[in-house]
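J.: This structure is in structure tokens; I'll ask about it shortly.
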Amino acid sequence: MYQSITEKNSKQEQLTKYMQAELRRRDEEALRYLLRSKEGRWFLMRLLDLTKVTQSCFTGNSHTFYNEGKRDVGLAVMRDIANLGIDGVKLKQKAELEYIETQYKAQEIASDYMKGENENV
């Protein structure tokens, strides 16, 4: 977050408040835009997968810190979505359903492929 130490009611403080509000507004606007398109929802789900927000990060070594860093990015995105309110939650759920449908389709293709391989033996 953009922040500086300034005197009360100074130009710097006004600029800081403006920048914080503007960053928040633009981030929210961009996230809504992203979630309203099928491609944007796909990107979101891939991002959350890559950041491993639903997985354990513990490795037993220093790689845990690296995993936690990635995971923290995903958690921040999820918090931003939650801050959009009910609309954001519904759009995230839509993204999750679309993503799961793609995974099921891939499983069907793999299963059909394996059946075909077994028949050729």
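Identifiers in the structure tokens: chain A, B, ... in order shown; residue index from 1 per chain; ligand index from 1 in order shown.
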Extract, using only C-alpha atoms, all DNA, RNA and protein residues at most 10 Å from Leu50 of chain A, discarding same-chain residues fewer than 4 positions from it, and format them as a list in words.

T.: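 Near neighbours after the sequence-gap exclusion: Leu44, Met45, Arg46, Lys70, Arg71 and Gly74 of chain A.
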
J.: So which residues touch Gly69 of chain A within 10 Å, counting only C-alpha atoms, skipping near sequence neighbours fewer than 6 positions away, as a list in words?

T.: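 Selected residues are Thr51, Cys57, His63 and Leu75 of chain A.
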
J.: Save the residues we just selected, N, CA and C atoms, as a compact mmCIF listing (two decimals), in the first residue's frame?

T.:
# COMPACT_ATOMS: atom_id res chain seq x y z
N THR A 51 -0.55 -20.48 -7.18
CA THR A 51 -0.17 -19.98 -5.86
C THR A 51 -0.50 -20.98 -4.76
N CYS A 57 1.69 -25.82 2.46
CA CYS A 57 2.96 -25.26 1.98
C CYS A 57 4.17 -25.89 2.64
N HIS A 63 12.16 -24.36 1.56
CA HIS A 63 11.25 -24.17 0.43
C HIS A 63 9.84 -23.81 0.92
N LEU A 75 -3.90 -15.69 -1.58
CA LEU A 75 -4.82 -15.31 -0.51
C LEU A 75 -5.21 -13.84 -0.61

J.: Between atom CA of Leu47 of chain A and atom CA of Tyr104 of chain A, what is the distance, to one decimal in Å?

T.: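 Answer for the atom CA of Leu47 of chain A to atom CA of Tyr104 of chain A separation: 19.1 Å.
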
J.: To one decimal place in Å, what is the distance between atom CA of Leu97 of chain A and atom CA of Thr54 of chain A?

T.: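 Between atom CA of Leu97 of chain A and atom CA of Thr54 of chain A the gap works out to 15.7 Å.
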
J.: What's the 10 Å shell around Asn83 of chain A, counting only C-alpha atoms, without same-chain residues fewer than 6 positions away, as a PDB file with all heavy atoms, in the first residue's frame?

T.:
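out.pdb, written as the output of this step:
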ATOM      1  N   GLU A  28     -10.289  -2.804  -7.751  1.00  0.00           N
ATOM      2  CA  GLU A  28     -11.627  -3.388  -7.699  1.00  0.00           C
ATOM      3  C   GLU A  28     -12.251  -3.412  -9.103  1.00  0.00           C
ATOM      4  O   GLU A  28     -12.822  -4.425  -9.512  1.00  0.00           O
ATOM      5  CB  GLU A  28     -12.513  -2.588  -6.744  1.00  0.00           C
ATOM      6  CG  GLU A  28     -13.902  -3.152  -6.621  1.00  0.00           C
ATOM      7  CD  GLU A  28     -14.754  -2.382  -5.638  1.00  0.00           C
ATOM      8  OE1 GLU A  28     -14.309  -2.176  -4.489  1.00  0.00           O
ATOM      9  OE2 GLU A  28     -15.883  -2.000  -6.015  1.00  0.00           O
ATOM     10  N   VAL A  77      -5.466 -12.130  -3.396  1.00  0.00           N
ATOM     11  CA  VAL A  77      -6.439 -12.054  -4.492  1.00  0.00           C
ATOM     12  C   VAL A  77      -7.800 -12.529  -3.999  1.00  0.00           C
ATOM     13  O   VAL A  77      -8.831 -11.905  -4.299  1.00  0.00           O
ATOM     14  CB  VAL A  77      -5.964 -12.878  -5.713  1.00  0.00           C
ATOM     15  CG1 VAL A  77      -7.060 -12.988  -6.762  1.00  0.00           C
ATOM     16  CG2 VAL A  77      -4.706 -12.271  -6.314  1.00  0.00           C
ATOM     17  N   VAL A  89     -18.186 -13.052  -4.965  1.00  0.00           N
ATOM     18  CA  VAL A  89     -18.242 -14.459  -4.539  1.00  0.00           C
ATOM     19  C   VAL A  89     -18.923 -15.302  -5.610  1.00  0.00           C
ATOM     20  O   VAL A  89     -18.450 -16.392  -5.958  1.00  0.00           O
ATOM     21  CB  VAL A  89     -18.969 -14.599  -3.181  1.00  0.00           C
ATOM     22  CG1 VAL A  89     -19.196 -16.053  -2.830  1.00  0.00           C
ATOM     23  CG2 VAL A  89     -18.163 -13.895  -2.088  1.00  0.00           C
TER      24      VAL A  89
END

J.: For atom CA of Gly88 of chain A and atom CA of Lys17 of chain A, quote the distance in Å rounded to one decimal.

T.: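 Those two atoms sit 25.2 Å apart.
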